[in-house]
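Content type CSV, C-alpha atoms, from the file run-v4.csv:
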chain,number,residue,atom,x,y,z
R,1,MET,CA,-5.7,28.8,-54.9
R,2,LYS,CA,-4.9,27.9,-51.3
R,3,PRO,CA,-2.6,25.1,-50.3
R,4,PRO,CA,-3.9,22.3,-48.0
R,5,ALA,CA,-4.8,24.0,-44.7
R,6,VAL,CA,-3.5,21.3,-42.3
R,7,ALA,CA,-0.1,21.1,-44.0
R,8,ARG,CA,0.2,24.9,-44.1
R,9,LEU,CA,-0.7,25.0,-40.3
R,10,LEU,CA,2.0,22.4,-39.6
R,11,LEU,CA,4.5,24.4,-41.6
R,12,ILE,CA,3.7,27.6,-39.7
R,13,ALA,CA,3.9,25.7,-36.4
R,14,MET,CA,7.2,24.0,-37.1
R,15,ALA,CA,9.1,26.8,-38.9
R,16,GLY,CA,10.6,29.7,-37.0
R,17,GLU,CA,9.0,33.1,-37.2
R,18,HIS,CA,11.7,34.2,-39.7
R,19,GLN,CA,11.7,31.1,-41.9
R,20,ALA,CA,7.9,30.5,-42.0
R,21,GLU,CA,7.2,33.5,-44.3
R,22,PHE,CA,9.9,32.6,-46.9
R,23,VAL,CA,9.4,28.9,-46.9
R,24,ALA,CA,5.6,29.2,-47.1
R,25,GLY,CA,6.0,31.8,-49.9
R,26,ASP,CA,8.3,29.6,-51.9
R,27,LEU,CA,6.2,26.5,-51.4
R,28,HIS,CA,3.1,28.4,-52.4
R,29,GLU,CA,4.6,29.6,-55.6
R,30,GLU,CA,5.7,26.1,-56.6
R,31,PHE,CA,2.3,24.8,-55.5
R,32,LEU,CA,0.5,27.3,-57.9
R,33,LEU,CA,2.8,26.3,-60.8
R,34,LEU,CA,2.2,22.6,-60.2
R,35,CYS,CA,-1.6,23.1,-59.9
R,36,ALA,CA,-1.6,24.9,-63.2
R,37,ALA,CA,0.5,22.2,-64.9
R,38,ARG,CA,-0.8,18.9,-63.3
R,39,GLY,CA,-4.0,19.9,-61.4
R,40,ARG,CA,-4.9,20.7,-57.8
R,41,GLN,CA,-4.7,17.2,-56.5
R,42,ALA,CA,-1.1,16.7,-57.6
R,43,GLY,CA,-0.2,20.1,-56.3
R,44,SER,CA,-1.7,19.4,-52.9
R,45,ARG,CA,0.0,16.1,-52.7
R,46,TRP,CA,3.3,17.7,-53.5
R,47,TYR,CA,2.8,20.5,-51.0
R,48,ARG,CA,2.0,18.0,-48.2
R,49,SER,CA,5.0,15.8,-49.0
R,50,GLN,CA,7.3,18.9,-49.0
R,51,VAL,CA,6.0,20.1,-45.7
R,52,LEU,CA,6.5,16.6,-44.1
R,53,ARG,CA,10.0,16.4,-45.5
R,54,SER,CA,10.9,19.8,-44.2
R,55,VAL,CA,9.4,19.4,-40.7
R,56,ALA,CA,12.6,18.0,-39.0
R,57,MET,CA,14.9,20.5,-40.7
R,58,LEU,CA,12.7,23.5,-39.8
R,59,LEU,CA,12.3,22.4,-36.3
R,60,ALA,CA,16.1,22.0,-36.0
R,61,LEU,CA,16.6,25.5,-37.4
R,62,ARG,CA,14.1,26.8,-34.9
R,63,PHE,CA,15.8,25.2,-32.0
R,64,ARG,CA,19.1,26.5,-33.2
R,65,SER,CA,17.7,30.1,-33.3
R,66,GLY,CA,16.5,29.7,-29.7
R,67,GLU,CA,12.9,30.5,-30.6
R,68,ALA,CA,11.5,27.0,-30.1
R,69,LEU,CA,13.5,26.6,-26.8
R,70,HIS,CA,12.0,29.9,-25.6
R,71,LEU,CA,8.5,28.7,-26.5
R,72,MET,CA,9.0,25.3,-24.9
R,73,ALA,CA,10.4,26.8,-21.7
R,74,ALA,CA,7.4,29.1,-21.5
R,75,ALA,CA,4.9,26.2,-22.2
R,76,ILE,CA,6.7,24.0,-19.7
R,77,LEU,CA,6.5,26.7,-17.0
R,78,ALA,CA,2.9,27.6,-17.8
R,79,VAL,CA,1.3,24.2,-18.6
R,80,ALA,CA,3.5,21.3,-17.6
R,81,MET,CA,4.5,22.7,-14.2
R,82,PRO,CA,0.9,23.4,-12.9
R,83,LEU,CA,-0.1,19.9,-14.2
R,84,LEU,CA,2.8,18.3,-12.4
R,85,LEU,CA,2.1,20.3,-9.2
R,86,LEU,CA,-1.6,19.2,-9.3
R,87,ASP,CA,-0.4,15.6,-9.8
R,88,ARG,CA,1.8,16.0,-6.7
R,89,LEU,CA,-1.2,17.5,-4.8
R,90,TRP,CA,-3.5,14.6,-5.8
R,91,ARG,CA,-0.8,12.1,-4.7
R,92,PHE,CA,-0.7,13.9,-1.4
R,93,VAL,CA,-4.5,13.7,-1.0
R,94,TYR,CA,-4.5,10.0,-1.9
R,95,SER,CA,-1.5,9.2,0.3
R,96,ASN,CA,-3.4,10.7,3.3
R,97,ILE,CA,-6.4,8.4,2.9
R,98,PRO,CA,-6.2,6.5,6.2
R,99,LEU,CA,-6.3,3.1,4.6
R,100,LYS,CA,-4.5,4.2,1.4
R,101,ASP,CA,-5.5,3.9,-2.2
R,102,GLY,CA,-4.1,3.3,-5.7
R,103,LEU,CA,-3.1,5.5,-8.6
R,104,GLN,CA,-6.6,6.0,-10.1
R,105,ARG,CA,-7.9,9.5,-9.8
R,106,ALA,CA,-11.4,10.7,-9.2
R,107,PRO,CA,-13.1,12.4,-12.2
R,108,GLU,CA,-13.4,15.6,-10.3
R,109,PHE,CA,-9.7,15.8,-9.9
R,110,ARG,CA,-9.2,15.2,-13.6
R,111,ILE,CA,-11.7,18.0,-14.3
R,112,VAL,CA,-9.7,20.4,-12.1
R,113,ASN,CA,-6.5,19.4,-14.1
R,114,LEU,CA,-8.3,20.1,-17.4
R,115,VAL,CA,-9.6,23.5,-16.2
R,116,CYS,CA,-6.2,24.4,-14.9
R,117,VAL,CA,-4.5,23.4,-18.2
R,118,CYS,CA,-7.1,25.4,-20.2
R,119,ALA,CA,-6.6,28.5,-18.0
R,120,CYS,CA,-2.8,28.3,-18.1
R,121,ALA,CA,-2.7,27.7,-21.9
R,122,ALA,CA,-5.1,30.6,-22.3
R,123,VAL,CA,-2.7,32.8,-20.5
R,124,CYS,CA,0.1,31.7,-22.9
R,125,GLY,CA,-2.1,32.3,-25.9
R,126,SER,CA,-3.1,35.7,-24.8
R,127,LEU,CA,0.6,36.8,-24.7
R,128,ALA,CA,1.2,35.8,-28.3
R,129,HIS,CA,1.3,38.8,-30.7
R,130,THR,CA,1.3,37.2,-34.1
R,131,VAL,CA,-0.6,34.3,-35.7
R,132,HIS,CA,2.7,32.5,-36.2
R,133,ARG,CA,3.6,32.9,-32.6
R,134,ALA,CA,0.1,31.8,-31.4
R,135,VAL,CA,0.4,28.6,-33.5
R,136,GLY,CA,3.9,28.0,-32.0
R,137,VAL,CA,2.6,28.5,-28.5
R,138,ALA,CA,-0.4,26.2,-29.1
R,139,VAL,CA,2.0,23.4,-30.3
R,140,ALA,CA,4.3,24.0,-27.4
R,141,CYS,CA,1.4,23.8,-25.0
R,142,ALA,CA,0.3,20.5,-26.4
R,143,VAL,CA,3.9,19.1,-26.2
R,144,ALA,CA,4.2,20.4,-22.6
R,145,ALA,CA,0.8,18.8,-21.6
R,146,THR,CA,1.9,15.5,-23.1
R,147,PHE,CA,5.2,15.8,-21.3
R,148,ALA,CA,3.5,16.4,-18.0
R,149,LEU,CA,1.1,13.5,-18.5
R,150,TRP,CA,4.0,11.3,-19.2
R,151,LEU,CA,5.9,12.4,-16.1
R,152,GLY,CA,2.8,12.2,-13.9
R,153,SER,CA,2.4,9.3,-11.5
R,154,SER,CA,-1.3,8.6,-11.8
R,155,ILE,CA,-3.0,6.2,-14.2
R,156,THR,CA,-4.1,8.2,-17.2
R,157,PRO,CA,-7.0,7.0,-19.3
R,158,ILE,CA,-6.7,7.6,-23.0
R,159,LEU,CA,-9.8,9.8,-23.2
R,160,TYR,CA,-8.5,12.1,-20.4
R,161,ALA,CA,-5.0,12.3,-22.0
R,162,GLY,CA,-6.5,13.2,-25.4
R,163,ALA,CA,-8.7,15.9,-23.8
R,164,VAL,CA,-5.8,17.5,-22.0
R,165,ILE,CA,-3.5,17.4,-25.0
R,166,LEU,CA,-6.2,18.8,-27.2
R,167,ALA,CA,-7.6,21.4,-24.7
R,168,ALA,CA,-4.2,23.1,-24.2
R,169,PRO,CA,-3.6,24.2,-27.8
R,170,VAL,CA,-7.3,24.9,-28.4
R,171,SER,CA,-7.6,27.1,-25.4
R,172,SER,CA,-4.5,29.0,-26.2
R,173,LEU,CA,-5.6,29.6,-29.8
R,174,ILE,CA,-9.1,30.6,-28.8
R,175,THR,CA,-7.7,33.2,-26.3
R,176,PHE,CA,-5.4,34.5,-29.0
R,177,ALA,CA,-8.2,34.9,-31.5
R,178,TRP,CA,-10.5,36.5,-28.9
R,179,ARG,CA,-7.8,39.0,-27.9
R,180,LYS,CA,-7.1,39.8,-31.5
R,181,SER,CA,-10.8,40.4,-32.2
R,182,ARG,CA,-11.0,43.0,-29.4
E,1,MET,CA,-0.4,46.0,-18.8
E,2,LYS,CA,-4.2,45.5,-18.8
E,3,TRP,CA,-3.7,41.9,-19.9
E,4,LEU,CA,-1.0,41.3,-17.3
E,5,LYS,CA,-3.5,42.5,-14.7
E,6,ARG,CA,-6.2,40.2,-16.0
E,7,ILE,CA,-3.7,37.3,-15.9
E,8,ALA,CA,-2.7,38.1,-12.4
E,9,ILE,CA,-6.4,38.2,-11.4
E,10,LEU,CA,-7.1,34.9,-13.1
E,11,LEU,CA,-4.2,33.2,-11.3
E,12,ALA,CA,-5.2,34.7,-8.0
E,13,VAL,CA,-8.7,33.4,-8.5
E,14,LEU,CA,-7.4,29.9,-9.4
E,15,ILE,CA,-5.4,29.8,-6.2
E,16,PHE,CA,-7.3,31.7,-3.6
E,17,VAL,CA,-10.9,30.7,-4.3
E,18,PRO,CA,-10.1,26.9,-3.9
E,19,LEU,CA,-8.1,27.8,-0.7
E,20,ILE,CA,-11.0,29.7,0.8
E,21,VAL,CA,-13.5,27.0,-0.2
E,22,LEU,CA,-11.3,24.3,1.4
E,23,LEU,CA,-10.9,26.4,4.6
E,24,ALA,CA,-14.6,26.9,4.9
E,25,MET,CA,-15.4,23.2,4.1
E,26,GLY,CA,-12.9,22.1,6.7
E,27,HIS,CA,-15.2,23.5,9.4
E,28,ARG,CA,-18.3,21.5,8.4
E,29,ALA,CA,-19.9,19.4,11.1
E,30,ASN,CA,-19.0,16.0,9.5
E,31,ALA,CA,-15.5,16.9,8.6
E,32,GLY,CA,-13.3,13.9,8.5
E,33,ARG,CA,-16.2,11.5,8.6
E,34,GLY,CA,-16.8,8.8,6.1
E,35,ASP,CA,-19.4,6.1,6.0
E,36,ALA,CA,-20.1,3.0,3.9
E,37,ALA,CA,-22.8,0.4,4.2
E,38,ILE,CA,-23.7,-2.8,2.3
E,39,GLU,CA,-26.0,-5.8,2.7
E,40,ILE,CA,-24.4,-9.1,2.4
E,41,ASN,CA,-26.0,-12.6,2.1
E,42,THR,CA,-24.4,-14.1,5.1
E,43,SER,CA,-24.9,-14.3,8.9
E,44,PRO,CA,-23.3,-11.7,11.2
E,45,GLU,CA,-21.3,-14.4,12.9
E,46,HIS,CA,-19.7,-15.4,9.6
E,47,LEU,CA,-19.1,-11.8,8.5
E,48,TRP,CA,-17.5,-11.0,11.9
E,49,THR,CA,-14.6,-13.3,11.0
E,50,TRP,CA,-13.9,-11.2,7.9
E,51,ILE,CA,-13.4,-8.0,10.0
E,52,ASP,CA,-11.7,-9.7,13.0
E,53,ASP,CA,-9.2,-12.0,11.3
E,54,GLY,CA,-6.1,-10.3,9.9
E,55,ASP,CA,-5.6,-12.8,7.1
E,56,LYS,CA,-9.2,-12.3,5.9
E,57,LEU,CA,-8.9,-8.6,6.3
E,58,LYS,CA,-6.1,-8.6,3.8
E,59,GLN,CA,-8.3,-10.2,1.2
E,60,TRP,CA,-10.8,-7.3,1.0
E,61,VAL,CA,-9.1,-4.2,2.2
E,62,SER,CA,-7.1,-3.1,-0.8
E,63,TRP,CA,-3.5,-2.1,-0.4
E,64,LEU,CA,-3.3,-3.9,2.9
E,65,VAL,CA,-0.2,-6.1,2.8
E,66,GLU,CA,0.1,-7.5,6.3
E,67,VAL,CA,-1.6,-7.4,9.7
E,68,LYS,CA,0.8,-7.8,12.6
E,69,TYR,CA,-0.1,-8.4,16.2
E,70,PRO,CA,2.4,-6.8,18.6
E,71,ASP,CA,1.0,-8.9,21.5
E,72,PRO,CA,0.5,-12.5,20.2
E,73,GLN,CA,-1.3,-13.4,23.5
E,74,LYS,CA,-4.0,-10.8,22.9
E,75,THR,CA,-5.0,-10.6,19.3
E,76,HIS,CA,-8.8,-10.1,19.8
E,77,GLY,CA,-11.0,-8.2,22.2
E,78,ALA,CA,-11.0,-4.7,23.7
E,79,GLY,CA,-7.5,-3.4,24.1
E,80,ALA,CA,-6.0,-5.8,21.5
E,81,LYS,CA,-3.5,-4.1,19.2
E,82,ARG,CA,-2.8,-4.7,15.5
E,83,VAL,CA,-0.6,-3.0,13.0
E,84,LEU,CA,-1.9,-2.6,9.5
E,85,VAL,CA,0.9,-2.5,7.0
E,86,MET,CA,-0.3,-0.7,3.9
E,87,ARG,CA,1.3,-0.3,0.5
E,88,ASP,CA,1.1,3.4,-0.4
E,89,GLU,CA,1.2,3.6,-4.2
E,90,ASN,CA,1.0,7.3,-4.0
E,91,ASN,CA,4.2,7.4,-2.1
E,92,GLY,CA,6.4,5.3,-4.4
E,93,GLY,CA,4.9,2.0,-3.2
E,94,MET,CA,6.3,2.5,0.3
E,95,LEU,CA,5.0,0.4,3.2
E,96,MET,CA,3.3,2.4,5.9
E,97,SER,CA,2.4,1.1,9.3
E,98,ILE,CA,-0.9,2.1,10.9
E,99,ALA,CA,-1.3,1.2,14.5
E,100,GLY,CA,-4.8,0.0,15.5
E,101,THR,CA,-6.2,-0.5,19.0
E,102,CYS,CA,-9.5,-2.2,19.5
E,103,SER,CA,-11.6,0.1,21.8
E,104,GLU,CA,-14.9,-1.6,21.4
E,105,TYR,CA,-15.4,-5.3,20.9
E,106,ALA,CA,-18.9,-6.9,20.9
E,107,PRO,CA,-19.0,-9.9,18.6
E,108,PRO,CA,-20.8,-10.3,16.3
E,109,THR,CA,-22.3,-6.8,16.2
E,110,ARG,CA,-19.8,-4.0,16.8
E,111,MET,CA,-16.1,-3.3,16.7
E,112,THR,CA,-14.3,0.0,17.0
E,113,ILE,CA,-10.7,0.4,16.2
E,114,HIS,CA,-8.6,3.4,17.0
E,115,LEU,CA,-6.2,3.9,14.1
E,116,SER,CA,-3.2,6.2,14.0
E,117,ASP,CA,-0.5,6.7,11.5
E,118,THR,CA,2.9,5.8,13.0
E,119,GLU,CA,4.3,9.0,11.4
E,120,GLY,CA,1.6,11.0,13.2
E,121,MET,CA,-0.2,12.2,10.1
E,122,PHE,CA,-3.7,11.2,11.2
E,123,ASP,CA,-5.6,9.4,13.9
E,124,GLY,CA,-9.2,8.4,14.2
E,125,ASP,CA,-11.8,5.7,14.9
E,126,GLU,CA,-13.3,3.2,12.5
E,127,THR,CA,-16.4,1.4,13.7
E,128,TYR,CA,-17.8,-1.8,12.1
E,129,GLN,CA,-21.4,-2.5,12.8
E,130,LEU,CA,-23.2,-5.6,11.7
E,131,VAL,CA,-27.0,-5.7,11.8
E,132,ASP,CA,-28.8,-9.0,11.4
E,133,LEU,CA,-31.5,-8.5,8.8
E,134,GLY,CA,-32.8,-12.1,9.2
E,135,SER,CA,-32.9,-14.9,6.5
E,136,GLY,CA,-29.1,-15.0,6.4
E,137,ARG,CA,-28.6,-11.4,5.5
E,138,THR,CA,-26.5,-8.9,7.3
E,139,ARG,CA,-26.1,-5.2,6.9
E,140,MET,CA,-22.6,-4.0,7.4
E,141,GLU,CA,-21.9,-0.4,8.3
E,142,ILE,CA,-18.5,1.2,8.6
E,143,HIS,CA,-18.2,4.6,10.2
E,144,GLY,CA,-14.9,6.3,10.2
E,145,ARG,CA,-13.9,9.6,11.6
E,146,PHE,CA,-10.3,10.9,11.2
E,147,HIS,CA,-8.4,13.9,12.2
E,148,TYR,CA,-5.3,15.1,10.3
E,149,SER,CA,-2.5,16.5,12.4
E,150,GLN,CA,-0.4,18.1,9.7
E,151,TRP,CA,-1.8,21.5,8.7
E,152,PHE,CA,-1.7,20.9,4.9
E,153,ALA,CA,-3.4,17.5,5.3
E,154,ASN,CA,-6.0,19.2,7.5
E,155,LEU,CA,-6.6,21.8,4.8
E,156,MET,CA,-7.0,19.1,2.2
E,157,GLU,CA,-9.4,17.1,4.4
E,158,PRO,CA,-12.5,18.1,2.3
E,159,LEU,CA,-10.7,16.4,-0.6
E,160,ILE,CA,-9.3,13.4,1.3
E,161,THR,CA,-12.5,12.3,3.1
E,162,PRO,CA,-14.7,11.8,0.0
E,163,GLN,CA,-11.9,9.8,-1.6
E,164,ALA,CA,-11.5,7.7,1.6
E,165,GLU,CA,-15.3,7.1,1.6
E,166,LYS,CA,-15.1,6.0,-2.1
E,167,LYS,CA,-12.3,3.6,-1.2
E,168,MET,CA,-14.3,2.2,1.7
E,169,ALA,CA,-17.3,1.6,-0.6
E,170,MET,CA,-15.1,-0.2,-3.1
E,171,ASP,CA,-13.6,-2.4,-0.3
E,172,VAL,CA,-17.0,-3.4,1.1
E,173,ALA,CA,-18.3,-4.1,-2.4
E,174,HIS,CA,-15.2,-6.4,-2.8
E,175,LEU,CA,-16.0,-8.0,0.6
E,176,LYS,CA,-19.6,-8.7,-0.5
E,177,THR,CA,-18.3,-10.4,-3.7
E,178,LEU,CA,-15.8,-12.5,-1.7
E,179,VAL,CA,-18.2,-13.6,1.0
E,180,GLU,CA,-21.1,-14.4,-1.4
E,181,SER,CA,-18.9,-16.2,-3.9
E,182,GLN,CA,-17.5,-18.4,-1.1
E,183,ALA,CA,-21.0,-19.1,0.1
E,184,ALA,CA,-22.1,-20.1,-3.4
E,185,VAL,CA,-19.2,-22.5,-3.6
E,186,ARG,CA,-20.2,-24.1,-0.4

Would you put the structure from the file into C-alpha cells?
Amino acid sequence: MKPPAVARLLLIAMAGEHQAEFVAGDLHEEFLLLCAARGRQAGSRWYRSQVLRSVAMLLALRFRSGEALHLMAAAILAVAMPLLLLDRLWRFVYSNIPLKDGLQRAPEFRIVNLVCVCACAAVCGSLAHTVHRAVGVAVACAVAATFALWLGSSITPILYAGAVILAAPVSSLITFAWRKSR
Amino acid sequence: MKWLKRIAILLAVLIFVPLIVLLAMGHRANAGRGDAAIEINTSPEHLWTWIDDGDKLKQWVSWLVEVKYPDPQKTHGAGAKRVLVMRDENNGGMLMSIAGTCSEYAPPTRMTIHLSDTEGMFDGDETYQLVDLGSGRTRMEIHGRFHYSQWFANLMEPLITPQAEKKMAMDVAHLKTLVESQAAVR
C-alpha cells in the first residue's frame, strides 16, 4: 500500500538527502500499521498530518547540513539571476522609449522570460543525479522564480506569475526524467 | 562532459541568436520608425489645440508631467522650443527632460517637433498630421523616427520601437476618448 503521493513528494522535497530515506521509511512503516488497524483513509490522514508537522523541522535540518543552501544558491544563480537580468533589460528597453512608458510589459517579453526560465531550470534539472536531488532542485527553482518575480520591478499579472512559478520546477523535472530515460 | 557541452551550447544559443537577430533587425529600412493613426470626431482646428497646447498635451500623453517653454515669448510656431518633463517609471520614477524644437508648423494640418533627450540618449522627429475627413471628422497621424546614440540602446532598437509604437497608439486612443467625450458634454 502506497502513502499519499503529494505528501510523500513534499516529504522528499523538504527532507535532506540523508534524512529523506529514513524518515520516509519510518513513516511508511507506521502508515502500513495504521492502515491495517484503522483503514486506509485514517492511515493517509495520519501520514499527511505527520508530513505537514515535520516540514519545518526537516527544512531546518536541511539548511543546517548546507544541502538546502547549496540548492538554493544554484537555483538563484540559474533561475532568479537570468529573470532579474531580463527584468533589468526590459526596464532599459521601456526607459528608452522616447516618450516613456509604465511598468506593464508586452506579452512577447513575458514569453521570453518564460522560455528563459524553462531553459535555465532544465539545465538545473539535467545536473541532478538522484530523484531526491531532482525534486529538491525543482522546489528550489520554484522558490528562486518566486523570489525573482517579487524582486522584479514590472507589474506581474497573476497568470504570468503562476506560469513562471510552475514552469520552473516542471521543466527541471522533465529534463531530469528525460535524461534518466536515456 | 557531454551534458556540460550541451548546456554550454544551449546557453550560447540563448545569448547569441537573439544578439544576431537584433543586429540584423537594426539594419532594416524602417528602423526607429513608429507610426500611429486614428480618426476622431472633431474638426482639425479643435484637434490642433490638443497637440499645440502644453496643458492639453499633458492630458493625453501618458507619463508627461510638465511642459515648459524656455522662451515665454515664443511658445508656438516654427523654431519654438518646449521641454517635455516625463516621469520614467522604469528608472525609479525619475523625471527626465526631453527638449523639443518645432521644425514645421502649419496649423491646423502639420507640426513636426525635433525631440532630443537632454542626456543624449536619443534624438528624432515626431510629426503630427491632421487630415480633414469632412463632416466633423479628422484623421490624426503621428510619424516618429528616432535614433539612439548609445550603442546598447541602438542594439535594442528593434525592441524599443514596437513598444514606442504601442505606447503612441494607446495615447492617441486616449486622446480620442478625451476629445469625443468633451464634445458629447458640449

Give me, as an mmCIF file with C-alpha atoms, keeping the file's coordinate frame, the contact residues of chain R against chain E at a cut-off of 9 Å, counting all atoms listed in the file.
data_model
loop_
_atom_site.group_PDB
_atom_site.id
_atom_site.type_symbol
_atom_site.label_atom_id
_atom_site.label_comp_id
_atom_site.auth_asym_id
_atom_site.auth_seq_id
_atom_site.Cartn_x
_atom_site.Cartn_y
_atom_site.Cartn_z
ATOM 1 C CA TRP R 90 -3.500 14.600 -5.800
ATOM 2 C CA ARG R 91 -0.800 12.100 -4.700
ATOM 3 C CA PHE R 92 -0.700 13.900 -1.400
ATOM 4 C CA VAL R 93 -4.500 13.700 -1.000
ATOM 5 C CA TYR R 94 -4.500 10.000 -1.900
ATOM 6 C CA SER R 95 -1.500 9.200 0.300
ATOM 7 C CA ASN R 96 -3.400 10.700 3.300
ATOM 8 C CA ILE R 97 -6.400 8.400 2.900
ATOM 9 C CA PRO R 98 -6.200 6.500 6.200
ATOM 10 C CA LEU R 99 -6.300 3.100 4.600
ATOM 11 C CA LYS R 100 -4.500 4.200 1.400
ATOM 12 C CA ASP R 101 -5.500 3.900 -2.200
ATOM 13 C CA GLY R 102 -4.100 3.300 -5.700
ATOM 14 C CA LEU R 103 -3.100 5.500 -8.600
ATOM 15 C CA ALA R 106 -11.400 10.700 -9.200
ATOM 16 C CA CYS R 116 -6.200 24.400 -14.900
ATOM 17 C CA ALA R 119 -6.600 28.500 -18.000
ATOM 18 C CA CYS R 120 -2.800 28.300 -18.100
ATOM 19 C CA VAL R 123 -2.700 32.800 -20.500
ATOM 20 C CA SER R 126 -3.100 35.700 -24.800
ATOM 21 C CA LEU R 127 0.600 36.800 -24.700
ATOM 22 C CA SER R 153 2.400 9.300 -11.500
ATOM 23 C CA SER R 154 -1.300 8.600 -11.800
#

Checklist line | Closest of E:Met25, E:Ile20, E:Leu178, E:Ile40 to Lys58 in chain E - atom-to-atom distances counting only C-alpha atoms | finding: E:Leu178

Next item on the list: Could you please determine the separation between CA of Phe31 in chain R and CA of Trp46 in chain R in Å, to one decimal place?
Entry: 7.4 Å

Note to self: Within 12 Å of (7.7, 26.7, -47.8) (file coordinates; all atoms listed in the file), which protein or nucleic acid residues are there? I'd like them as a ChimeraX atom specification.
What the structure shows: /R:3,7-12,14-16,18-31,46-55,57-58

Item checked: CA of Cys141 in chain R to CA of Gly162 in chain R, straight-line distance in Å ->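 Atom-to-atom, CA of Gly162 in chain R and CA of Cys141 in chain R are spaced 13.2 Å apart.
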
Notebook entry, point to check: Between R:Met1, R:Ala42, R:Lys180, R:Glu67, which has the minimum distance to Thr130 in chain R (counting all atoms listed in the file)?
Noted result: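 Among the listed residues, the smallest separation from Thr130 in chain R belongs to R:Lys180.
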
Next item on the list: Using all atoms listed in the file, find the one residue out of E:Met140, E:Val83, E:Leu155, E:Ile9 that sits nearest to Glu45 in chain E.
Entry: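 Smallest separation from Glu45 in chain E among the options: E:Met140.
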
If you count only C-alpha atoms, which residues fall within 12 Å of Thr138 in chain E, apart from same-chain ones fewer than 6 positions away, as a compact mmCIF listing (two decimals) with C-alpha atoms, in the coordinates of the input?
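Done, and the output landed in around14.txt:
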# COMPACT_ATOMS: atom_id res chain seq x y z
CA ALA E 37 -22.80 0.40 4.20
CA ILE E 38 -23.70 -2.80 2.30
CA GLU E 39 -26.00 -5.80 2.70
CA ILE E 40 -24.40 -9.10 2.40
CA ASN E 41 -26.00 -12.60 2.10
CA THR E 42 -24.40 -14.10 5.10
CA SER E 43 -24.90 -14.30 8.90
CA PRO E 44 -23.30 -11.70 11.20
CA GLU E 45 -21.30 -14.40 12.90
CA HIS E 46 -19.70 -15.40 9.60
CA LEU E 47 -19.10 -11.80 8.50
CA TRP E 48 -17.50 -11.00 11.90
CA PRO E 108 -20.80 -10.30 16.30
CA THR E 109 -22.30 -6.80 16.20
CA GLN E 129 -21.40 -2.50 12.80
CA LEU E 130 -23.20 -5.60 11.70
CA VAL E 131 -27.00 -5.70 11.80
CA ASP E 132 -28.80 -9.00 11.40
CA LYS E 176 -19.60 -8.70 -0.50
CA VAL E 179 -18.20 -13.60 1.00
CA GLU E 180 -21.10 -14.40 -1.40

Next item on the list: Give me, please, the distance in Å between CA of Lys81 in chain E and CA of Ile113 in chain E, quoted to one decimal.
Entry: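 It comes out at 9.0 Å.
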
Item checked: Exercise: residues within 12 Å of coordinate (-0.6, 14.5, -21.0), counting only C-alpha atoms, as an MDAnalysis selection string -> chainID R and resid 79:81 83:84 87 110 113:114 117 141:168

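Across R:Ala134, R:Leu173, R:Ala122, R:Val6, the tightest approach to Ala78 in chain R is made by R:Ala122 when counting only C-alpha atoms.
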
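Using all atoms listed in the file, the smallest distance between any of R:Val137, R:His70, R:Val115, R:Arg62 and Pro82 in chain R comes from R:Val115.
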